[in-house]
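**Q** File input.pdb below, PDB, C-alpha atoms, pLDDT in the B column:
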```
ATOM      1  CA  MET A   1      65.598  31.733  43.857  1.00 94.00           C
ATOM      2  CA  ASP A   2      69.190  32.783  43.365  1.00 96.00           C
ATOM      3  CA  LEU A   3      68.845  36.512  42.690  1.00 97.00           C
ATOM      4  CA  ARG A   4      72.241  36.963  41.063  1.00 94.00           C
ATOM      5  CA  GLN A   5      71.795  38.052  37.434  1.00 94.00           C
ATOM      6  CA  ARG A   6      67.993  37.935  37.795  1.00 97.00           C
ATOM      7  CA  VAL A   7      66.044  40.843  36.291  1.00 98.00           C
ATOM      8  CA  CYS A   8      64.105  42.553  39.079  1.00 98.00           C
ATOM      9  CA  MET A   9      61.578  45.312  38.378  1.00 98.00           C
ATOM     10  CA  ILE A  10      60.900  47.571  41.376  1.00 98.00           C
ATOM     11  CA  THR A  11      58.129  50.165  41.279  1.00 98.00           C
ATOM     12  CA  GLY A  12      58.406  53.154  43.568  1.00 95.00           C
ATOM     13  CA  GLY A  13      62.093  52.403  43.765  1.00 93.00           C
ATOM     14  CA  THR A  14      63.374  55.943  44.241  1.00 93.00           C
ATOM     15  CA  SER A  15      62.433  56.326  47.912  1.00 92.00           C
ATOM     16  CA  GLY A  16      61.393  54.508  51.062  1.00 94.00           C
ATOM     17  CA  ILE A  17      60.752  50.766  50.945  1.00 96.00           C
ATOM     18  CA  GLY A  18      61.134  50.610  47.159  1.00 96.00           C
ATOM     19  CA  ALA A  19      64.590  52.223  47.225  1.00 95.00           C
ATOM     20  CA  ALA A  20      65.748  50.002  50.108  1.00 96.00           C
ATOM     21  CA  THR A  21      64.521  46.929  48.223  1.00 97.00           C
ATOM     22  CA  ALA A  22      66.227  47.990  45.018  1.00 97.00           C
ATOM     23  CA  MET A  23      69.474  48.484  46.949  1.00 96.00           C
ATOM     24  CA  ALA A  24      69.158  45.078  48.648  1.00 97.00           C
ATOM     25  CA  LEU A  25      68.574  43.353  45.304  1.00 97.00           C
ATOM     26  CA  VAL A  26      71.527  45.092  43.655  1.00 96.00           C
ATOM     27  CA  LYS A  27      73.684  43.890  46.557  1.00 96.00           C
ATOM     28  CA  ARG A  28      72.494  40.355  45.734  1.00 95.00           C
ATOM     29  CA  GLY A  29      73.878  40.829  42.220  1.00 95.00           C
ATOM     30  CA  ALA A  30      70.508  41.272  40.512  1.00 97.00           C
ATOM     31  CA  HIS A  31      69.878  43.388  37.446  1.00 97.00           C
ATOM     32  CA  VAL A  32      67.486  46.078  38.683  1.00 97.00           C
ATOM     33  CA  ALA A  33      64.964  48.218  36.840  1.00 97.00           C
ATOM     34  CA  VAL A  34      63.398  50.988  38.916  1.00 97.00           C
ATOM     35  CA  VAL A  35      60.070  52.416  37.791  1.00 96.00           C
ATOM     36  CA  ALA A  36      58.852  55.590  39.482  1.00 94.00           C
ATOM     37  CA  ARG A  37      56.914  58.747  38.804  1.00 91.00           C
ATOM     38  CA  THR A  38      59.536  60.972  40.415  1.00 86.00           C
ATOM     39  CA  PHE A  39      63.165  61.240  39.343  1.00 86.00           C
ATOM     40  CA  ARG A  40      65.434  61.337  42.398  1.00 84.00           C
ATOM     41  CA  GLY A  41      68.955  61.722  41.114  1.00 84.00           C
ATOM     42  CA  GLU A  42      70.887  60.943  44.297  1.00 88.00           C
ATOM     43  CA  THR A  43      69.102  57.627  44.880  1.00 90.00           C
ATOM     44  CA  LEU A  44      69.350  56.597  41.250  1.00 93.00           C
ATOM     45  CA  GLU A  45      73.030  57.502  41.085  1.00 93.00           C
ATOM     46  CA  SER A  46      73.738  55.404  44.186  1.00 93.00           C
ATOM     47  CA  LEU A  47      71.927  52.429  42.674  1.00 94.00           C
ATOM     48  CA  LYS A  48      73.723  52.850  39.366  1.00 93.00           C
ATOM     49  CA  THR A  49      77.130  53.026  41.066  1.00 94.00           C
ATOM     50  CA  LEU A  50      76.466  49.952  43.197  1.00 92.00           C
ATOM     51  CA  ALA A  51      75.145  48.005  40.207  1.00 93.00           C
ATOM     52  CA  SER A  52      78.299  48.790  38.284  1.00 92.00           C
ATOM     53  CA  ALA A  53      80.427  47.536  41.185  1.00 93.00           C
ATOM     54  CA  GLU A  54      78.362  44.305  41.279  1.00 91.00           C
ATOM     55  CA  ASP A  55      78.682  43.854  37.497  1.00 91.00           C
ATOM     56  CA  SER A  56      74.909  44.218  37.215  1.00 94.00           C
ATOM     57  CA  GLU A  57      72.725  46.303  34.945  1.00 95.00           C
ATOM     58  CA  PHE A  58      70.581  49.180  36.168  1.00 96.00           C
ATOM     59  CA  LEU A  59      67.665  50.862  34.405  1.00 96.00           C
ATOM     60  CA  PHE A  60      65.329  53.719  35.348  1.00 96.00           C
ATOM     61  CA  VAL A  61      61.898  54.031  33.743  1.00 97.00           C
ATOM     62  CA  GLN A  62      59.732  57.038  34.525  1.00 95.00           C
ATOM     63  CA  GLY A  63      56.024  56.328  34.758  1.00 95.00           C
ATOM     64  CA  ASP A  64      52.840  56.779  36.775  1.00 95.00           C
ATOM     65  CA  LEU A  65      51.808  53.349  38.040  1.00 95.00           C
ATOM     66  CA  GLY A  66      48.279  54.569  38.678  1.00 95.00           C
ATOM     67  CA  ASN A  67      47.843  54.596  34.901  1.00 96.00           C
ATOM     68  CA  ALA A  68      47.177  51.373  32.973  1.00 97.00           C
ATOM     69  CA  ASP A  69      49.127  52.452  29.882  1.00 97.00           C
ATOM     70  CA  ASP A  70      52.185  53.389  31.954  1.00 97.00           C
ATOM     71  CA  CYS A  71      52.067  50.015  33.720  1.00 97.00           C
ATOM     72  CA  ARG A  72      52.087  48.140  30.423  1.00 97.00           C
ATOM     73  CA  ARG A  73      54.690  50.457  28.871  1.00 98.00           C
ATOM     74  CA  SER A  74      57.020  50.083  31.856  1.00 97.00           C
ATOM     75  CA  VAL A  75      57.001  46.289  31.587  1.00 98.00           C
ATOM     76  CA  ASP A  76      57.579  46.530  27.827  1.00 97.00           C
ATOM     77  CA  VAL A  77      60.554  48.859  28.306  1.00 98.00           C
ATOM     78  CA  VAL A  78      62.174  46.660  30.959  1.00 98.00           C
ATOM     79  CA  CYS A  79      61.763  43.546  28.806  1.00 97.00           C
ATOM     80  CA  SER A  80      63.048  45.364  25.728  1.00 97.00           C
ATOM     81  CA  VAL A  81      66.206  46.616  27.462  1.00 97.00           C
ATOM     82  CA  LEU A  82      66.956  43.780  29.909  1.00 97.00           C
ATOM     83  CA  GLY A  83      65.410  40.884  27.986  1.00 96.00           C
ATOM     84  CA  HIS A  84      62.754  39.661  30.426  1.00 96.00           C
ATOM     85  CA  VAL A  85      61.507  40.016  34.027  1.00 98.00           C
ATOM     86  CA  ASP A  86      62.144  37.453  36.763  1.00 98.00           C
ATOM     87  CA  VAL A  87      60.854  39.472  39.718  1.00 98.00           C
ATOM     88  CA  LEU A  88      58.261  42.214  40.149  1.00 98.00           C
ATOM     89  CA  VAL A  89      58.159  44.131  43.430  1.00 98.00           C
ATOM     90  CA  HIS A  90      55.318  46.633  43.383  1.00 98.00           C
ATOM     91  CA  ALA A  91      56.255  49.163  46.065  1.00 97.00           C
ATOM     92  CA  ALA A  92      54.832  52.330  44.487  1.00 95.00           C
ATOM     93  CA  GLY A  93      52.127  53.888  46.606  1.00 91.00           C
ATOM     94  CA  HIS A  94      50.632  57.014  48.102  1.00 89.00           C
ATOM     95  CA  PRO A  95      48.811  57.854  51.353  1.00 87.00           C
ATOM     96  CA  PHE A  96      45.153  58.808  51.036  1.00 93.00           C
ATOM     97  CA  GLN A  97      43.636  60.641  53.986  1.00 91.00           C
ATOM     98  CA  GLY A  98      39.992  61.108  54.910  1.00 94.00           C
ATOM     99  CA  GLY A  99      37.093  59.247  56.448  1.00 95.00           C
ATOM    100  CA  LEU A 100      33.798  58.249  54.859  1.00 96.00           C
ATOM    101  CA  PHE A 101      32.433  61.801  54.701  1.00 96.00           C
ATOM    102  CA  ASP A 102      35.730  63.550  54.017  1.00 95.00           C
ATOM    103  CA  ILE A 103      37.299  61.802  51.051  1.00 96.00           C
ATOM    104  CA  SER A 104      36.165  62.828  47.568  1.00 96.00           C
ATOM    105  CA  ASP A 105      34.920  60.402  44.932  1.00 96.00           C
ATOM    106  CA  GLY A 106      38.017  61.153  42.878  1.00 96.00           C
ATOM    107  CA  GLU A 107      40.436  60.420  45.711  1.00 96.00           C
ATOM    108  CA  TRP A 108      38.607  57.173  46.527  1.00 97.00           C
ATOM    109  CA  LEU A 109      39.012  55.997  42.930  1.00 97.00           C
ATOM    110  CA  ARG A 110      42.615  57.203  42.757  1.00 97.00           C
ATOM    111  CA  ALA A 111      43.470  55.155  45.856  1.00 97.00           C
ATOM    112  CA  PHE A 112      42.345  52.016  44.038  1.00 97.00           C
ATOM    113  CA  ASP A 113      44.154  52.987  40.826  1.00 97.00           C
ATOM    114  CA  THR A 114      47.352  53.554  42.787  1.00 96.00           C
ATOM    115  CA  HIS A 115      47.288  50.377  44.872  1.00 97.00           C
ATOM    116  CA  VAL A 116      44.835  47.774  43.543  1.00 98.00           C
ATOM    117  CA  HIS A 117      44.376  48.438  39.833  1.00 98.00           C
ATOM    118  CA  SER A 118      48.119  49.006  39.358  1.00 98.00           C
ATOM    119  CA  SER A 119      48.774  45.567  40.881  1.00 98.00           C
ATOM    120  CA  PHE A 120      46.350  44.060  38.389  1.00 98.00           C
ATOM    121  CA  TRP A 121      47.723  45.981  35.394  1.00 98.00           C
ATOM    122  CA  LEU A 122      51.365  45.223  36.233  1.00 98.00           C
ATOM    123  CA  SER A 123      50.699  41.547  36.961  1.00 98.00           C
ATOM    124  CA  ARG A 124      48.770  41.062  33.742  1.00 98.00           C
ATOM    125  CA  ALA A 125      51.600  42.704  31.799  1.00 98.00           C
ATOM    126  CA  VAL A 126      54.463  40.797  33.435  1.00 98.00           C
ATOM    127  CA  ALA A 127      52.861  37.353  33.883  1.00 98.00           C
ATOM    128  CA  PRO A 128      53.094  36.275  30.202  1.00 97.00           C
ATOM    129  CA  HIS A 129      56.872  36.786  30.296  1.00 97.00           C
ATOM    130  CA  MET A 130      57.158  34.689  33.462  1.00 98.00           C
ATOM    131  CA  ILE A 131      54.824  32.011  32.093  1.00 98.00           C
ATOM    132  CA  ARG A 132      57.049  31.589  29.032  1.00 97.00           C
ATOM    133  CA  GLN A 133      60.109  30.960  31.214  1.00 96.00           C
ATOM    134  CA  LYS A 134      58.126  28.862  33.750  1.00 97.00           C
ATOM    135  CA  SER A 135      59.433  30.853  36.709  1.00 98.00           C
ATOM    136  CA  GLY A 136      58.991  34.173  38.426  1.00 98.00           C
ATOM    137  CA  ALA A 137      58.044  35.980  41.607  1.00 98.00           C
ATOM    138  CA  ILE A 138      55.615  38.846  42.237  1.00 98.00           C
ATOM    139  CA  LEU A 139      55.698  40.709  45.544  1.00 98.00           C
ATOM    140  CA  LEU A 140      53.035  43.250  46.547  1.00 98.00           C
ATOM    141  CA  ILE A 141      53.217  45.794  49.369  1.00 98.00           C
ATOM    142  CA  GLY A 142      50.140  45.879  51.576  1.00 97.00           C
ATOM    143  CA  SER A 143      49.902  47.631  54.928  1.00 96.00           C
ATOM    144  CA  ALA A 144      48.989  47.014  58.541  1.00 94.00           C
ATOM    145  CA  ALA A 145      46.305  49.638  57.854  1.00 93.00           C
ATOM    146  CA  GLY A 146      44.708  47.086  55.529  1.00 94.00           C
ATOM    147  CA  LEU A 147      44.482  44.475  58.288  1.00 93.00           C
ATOM    148  CA  ARG A 148      42.704  46.490  60.994  1.00 89.00           C
ATOM    149  CA  GLY A 149      40.349  49.465  61.153  1.00 85.00           C
ATOM    150  CA  CYS A 150      42.288  52.687  60.656  1.00 84.00           C
ATOM    151  CA  ALA A 151      40.426  55.922  61.437  1.00 87.00           C
ATOM    152  CA  GLY A 152      40.734  58.745  58.943  1.00 89.00           C
ATOM    153  CA  ALA A 153      42.130  56.731  56.038  1.00 93.00           C
ATOM    154  CA  ILE A 154      39.247  54.631  54.734  1.00 96.00           C
ATOM    155  CA  ALA A 155      40.313  54.517  51.068  1.00 96.00           C
ATOM    156  CA  TYR A 156      43.920  53.664  51.872  1.00 96.00           C
ATOM    157  CA  GLY A 157      42.946  50.939  54.343  1.00 96.00           C
ATOM    158  CA  VAL A 158      40.397  49.296  52.050  1.00 97.00           C
ATOM    159  CA  ALA A 159      42.700  49.417  49.002  1.00 97.00           C
ATOM    160  CA  LYS A 160      45.643  47.996  50.931  1.00 97.00           C
ATOM    161  CA  GLY A 161      43.372  45.366  52.460  1.00 97.00           C
ATOM    162  CA  ALA A 162      42.609  44.055  48.973  1.00 98.00           C
ATOM    163  CA  LEU A 163      46.241  43.253  48.203  1.00 98.00           C
ATOM    164  CA  PRO A 164      46.741  40.130  50.385  1.00 98.00           C
ATOM    165  CA  GLN A 165      43.658  38.609  48.758  1.00 98.00           C
ATOM    166  CA  PHE A 166      44.874  39.591  45.295  1.00 98.00           C
ATOM    167  CA  ALA A 167      48.183  37.890  46.119  1.00 98.00           C
ATOM    168  CA  ARG A 168      46.390  34.724  47.230  1.00 98.00           C
ATOM    169  CA  ALA A 169      44.133  34.612  44.171  1.00 98.00           C
ATOM    170  CA  LEU A 170      46.982  35.307  41.759  1.00 98.00           C
ATOM    171  CA  ALA A 171      49.292  32.820  43.495  1.00 98.00           C
ATOM    172  CA  ARG A 172      46.706  30.094  42.991  1.00 98.00           C
ATOM    173  CA  GLU A 173      46.228  31.017  39.344  1.00 98.00           C
ATOM    174  CA  LEU A 174      49.927  31.111  38.469  1.00 98.00           C
ATOM    175  CA  ALA A 175      51.226  28.233  40.608  1.00 98.00           C
ATOM    176  CA  ASN A 176      51.177  25.716  37.748  1.00 98.00           C
ATOM    177  CA  ASP A 177      53.662  27.925  35.914  1.00 98.00           C
ATOM    178  CA  ASN A 178      56.045  28.045  38.905  1.00 98.00           C
ATOM    179  CA  ILE A 179      55.268  31.714  39.563  1.00 98.00           C
ATOM    180  CA  ARG A 180      55.067  32.703  43.221  1.00 98.00           C
ATOM    181  CA  VAL A 181      53.013  35.647  44.482  1.00 98.00           C
ATOM    182  CA  ASN A 182      53.269  37.048  48.005  1.00 98.00           C
ATOM    183  CA  CYS A 183      52.484  40.215  49.932  1.00 98.00           C
ATOM    184  CA  VAL A 184      54.162  42.031  52.803  1.00 98.00           C
ATOM    185  CA  SER A 185      52.192  44.361  55.076  1.00 97.00           C
ATOM    186  CA  PRO A 186      54.428  46.897  56.833  1.00 97.00           C
ATOM    187  CA  GLY A 187      53.364  48.861  59.872  1.00 94.00           C
ATOM    188  CA  ILE A 188      54.853  52.208  60.836  1.00 92.00           C
ATOM    189  CA  ILE A 189      58.055  52.466  58.819  1.00 94.00           C
ATOM    190  CA  ARG A 190      60.182  55.609  58.825  1.00 90.00           C
ATOM    191  CA  THR A 191      59.685  56.723  55.206  1.00 84.00           C
ATOM    192  CA  PRO A 192      58.299  59.916  53.617  1.00 77.00           C
ATOM    193  CA  PHE A 193      54.844  58.364  54.252  1.00 71.00           C
ATOM    194  CA  GLN A 194      55.306  59.265  57.925  1.00 75.00           C
ATOM    195  CA  ASP A 195      56.290  62.890  57.375  1.00 76.00           C
ATOM    196  CA  MET A 196      52.680  63.970  57.959  1.00 74.00           C
ATOM    197  CA  LEU A 197      52.801  62.787  61.585  1.00 79.00           C
ATOM    198  CA  THR A 198      53.297  65.300  64.375  1.00 82.00           C
ATOM    199  CA  PRO A 199      56.002  64.709  67.003  1.00 88.00           C
ATOM    200  CA  GLU A 200      53.217  63.874  69.451  1.00 86.00           C
ATOM    201  CA  GLN A 201      51.809  61.204  67.118  1.00 86.00           C
ATOM    202  CA  VAL A 202      55.265  59.706  66.639  1.00 89.00           C
ATOM    203  CA  GLU A 203      55.746  59.514  70.402  1.00 91.00           C
ATOM    204  CA  THR A 204      52.318  57.888  70.865  1.00 88.00           C
ATOM    205  CA  ASN A 205      53.152  55.280  68.243  1.00 89.00           C
ATOM    206  CA  ILE A 206      56.446  54.424  69.889  1.00 91.00           C
ATOM    207  CA  SER A 207      55.232  54.463  73.493  1.00 90.00           C
ATOM    208  CA  SER A 208      51.749  52.938  73.123  1.00 88.00           C
ATOM    209  CA  ARG A 209      51.016  51.391  69.735  1.00 91.00           C
ATOM    210  CA  ILE A 210      54.162  49.464  68.788  1.00 93.00           C
ATOM    211  CA  PRO A 211      55.101  46.743  71.301  1.00 94.00           C
ATOM    212  CA  LEU A 212      58.766  46.895  70.259  1.00 95.00           C
ATOM    213  CA  HIS A 213      58.714  50.672  70.992  1.00 95.00           C
ATOM    214  CA  ARG A 214      60.398  51.801  67.818  1.00 94.00           C
ATOM    215  CA  GLU A 215      59.534  52.612  64.241  1.00 93.00           C
ATOM    216  CA  GLY A 216      60.599  50.227  61.531  1.00 94.00           C
ATOM    217  CA  GLN A 217      63.155  51.108  58.882  1.00 96.00           C
ATOM    218  CA  PRO A 218      62.828  50.553  55.108  1.00 97.00           C
ATOM    219  CA  GLU A 219      65.661  48.041  55.343  1.00 97.00           C
ATOM    220  CA  ASP A 220      63.579  45.901  57.735  1.00 97.00           C
ATOM    221  CA  VAL A 221      60.949  45.488  55.033  1.00 97.00           C
ATOM    222  CA  ALA A 222      63.498  45.072  52.238  1.00 98.00           C
ATOM    223  CA  HIS A 223      65.148  42.204  54.133  1.00 97.00           C
ATOM    224  CA  ALA A 224      61.813  40.384  54.440  1.00 97.00           C
ATOM    225  CA  ILE A 225      61.076  40.948  50.755  1.00 98.00           C
ATOM    226  CA  VAL A 226      64.418  39.468  49.726  1.00 98.00           C
ATOM    227  CA  CYS A 227      63.830  36.446  51.968  1.00 97.00           C
ATOM    228  CA  LEU A 228      60.421  35.825  50.374  1.00 97.00           C
ATOM    229  CA  LEU A 229      61.878  36.144  46.884  1.00 98.00           C
ATOM    230  CA  GLU A 230      64.677  33.707  47.655  1.00 98.00           C
ATOM    231  CA  ASN A 231      62.447  31.105  49.334  1.00 97.00           C
ATOM    232  CA  GLU A 232      60.981  29.067  46.465  1.00 97.00           C
ATOM    233  CA  PHE A 233      58.397  27.232  48.604  1.00 98.00           C
ATOM    234  CA  VAL A 234      56.361  30.231  49.791  1.00 98.00           C
ATOM    235  CA  THR A 235      53.421  31.546  47.786  1.00 98.00           C
ATOM    236  CA  GLY A 236      50.041  33.123  48.484  1.00 98.00           C
ATOM    237  CA  GLU A 237      51.153  34.499  51.840  1.00 98.00           C
ATOM    238  CA  ASN A 238      50.949  37.866  53.573  1.00 98.00           C
ATOM    239  CA  PHE A 239      53.884  38.665  55.861  1.00 97.00           C
ATOM    240  CA  VAL A 240      53.326  41.378  58.494  1.00 97.00           C
ATOM    241  CA  ILE A 241      56.249  43.602  59.512  1.00 97.00           C
ATOM    242  CA  ASP A 242      54.977  46.008  62.156  1.00 95.00           C
ATOM    243  CA  GLY A 243      56.850  45.524  65.428  1.00 95.00           C
ATOM    244  CA  GLY A 244      53.874  43.640  66.825  1.00 95.00           C
ATOM    245  CA  MET A 245      51.422  46.511  66.376  1.00 93.00           C
ATOM    246  CA  SER A 246      48.593  44.533  64.735  1.00 92.00           C
ATOM    247  CA  MET A 247      48.799  41.526  67.080  1.00 90.00           C
ATOM    248  CA  ARG A 248      48.391  43.373  70.364  1.00 87.00           C
ATOM    249  CA  MET A 249      45.231  43.361  72.492  1.00 78.00           C
ATOM    250  CA  VAL A 250      46.038  46.594  74.353  1.00 78.00           C
TER     251      VAL A 250
END
```
Write the structure described by the file as structure tokens, please.
**A**
Amino acid sequence: MDLRQRVCMITGGTSGIGAATAMALVKRGAHVAVVARTFRGETLESLKTLASAEDSEFLFVQGDLGNADDCRRSVDVVCSVLGHVDVLVHAAGHPFQGGLFDISDGEWLRAFDTHVHSSFWLSRAVAPHMIRQKSGAILLIGSAAGLRGCAGAIAYGVAKGALPQFARALARELANDNIRVNCVSPGIIRTPFQDMLTPEQVETNISSRIPLHREGQPEDVAHAIVCLLENEFVTGENFVIDGGMSMRMV
């Protein structure tokens, strides 16, 4: 897919992986709509300035993607202002801490609203627009925590683990309409998600858990996302970006 002049909707696009992806797509000449719960003026201003330099359009829509009505409204607003949607990258997310006996019922359900149900709501809202134009790409953000057991984050790991299967199931369903669906599963990426880690935990990750002995950067994930969007013969796949963390034996 040639991304120039394509309409790309990025959730969670004001920080971390979402912001890096939005920036990468603007640099490809895409029209970008960022949907996020939090308004971050500096990031949005940078995206707006770059879009103007690339002769592309930029739109910000405020919304909580853990809410079905906001998911549907966000898609409606993007289509109303920019005409349609060619690409959906669902990068909005939130860490949920706690093991089986620690996490509350409410937090367990909120983890699925934030990661799994939002993917369903957004896909069901955007797919009809893509079906009409017989083309489109949906990209979900999983996690290495969804591929292996992760102590102390049972809701987050289980919710993220559902996303590669959702991508496979949706890719099969939408393939006849030339709509591709893929997932990327990042490992330890230096974003606000990692701010909860102590210096000792960071050092353990780098020295013992990540074979490449460094944390990833949001741009590493954004580059992979762009490659998957541009490659028109990849669908139903989960691409792991974790410095080798999930493949190691010891």
**Q** As an MDAnalysis selection string, please: the residues near Ala127 (chain A) (cut-off 9 Å, all atoms listed in the file, same-chain neighbours under 3 positions excluded).
**A** chainID A and resid 122:124 130:132 136 138 174 179
**Q** Select, from A:Ser207, A:Asn238, A:Gln133, A:Gln97, the residue with the minimum atom-to-atom distance to Gly161 (chain A), counting all atoms listed in the file.
**A**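 Smallest distance to Gly161 (chain A) is found for A:Asn238.
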**Q** Starting from the PyMOL selection byres ((chain A and resi 235-237) around 10), expand the selection into actual residues of this file and give them as a VMD selection string.
**A** chain A and resid 137 to 139 164 to 172 174 to 175 178 to 184 228 to 229 231 to 234 238 to 240
**Q** Can you measure CA of Asp64 (chain A) to CA of Met23 (chain A) for me? One decimal in Å is fine.
**A**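 We find that CA of Asp64 (chain A) and CA of Met23 (chain A) lie 21.2 Å from each other.
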**Q** Report as an MDAnalysis selection string the residues that result from applying the PyMOL selection byres ((chain A and resi 47-61) around 12) to the structure here.
**A** chainID A and resid 3:15 18:46 62:65 70:83
**Q** Take the PyMOL selection byres ((chain A and resi 192) around 12), apply it to the structure above, and return the hits as a PyMOL selection string.
**A** chain A and resi 14-19+93-95+188-191+193-197+217-218
**Q** Kindly indicate which residue among A:Gly244, A:Pro186, A:Gly98, A:Gly66 lies nearest to Cys150 (chain A), using only C-alpha atoms for the distances.
**A**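 When distances to Cys150 (chain A) are compared using only C-alpha atoms, the smallest one comes from A:Gly98.
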**Q** What gap, in Å, lies between CA of Asn176 (chain A) and CA of Ala159 (chain A)?
**A** 27.6 Å
**Q** Restricting the calculation to only C-alpha atoms, which member of A:Gly99, A:Glu107, A:Thr114, A:Cys227 is positioned closest to Ala153 (chain A)?
**A**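 The closest residue to Ala153 (chain A) is A:Gly99.
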**Q** In Å to one decimal, how far is CA of Gly243 (chain A) from CA of Arg214 (chain A)?
**A** 7.6 Å
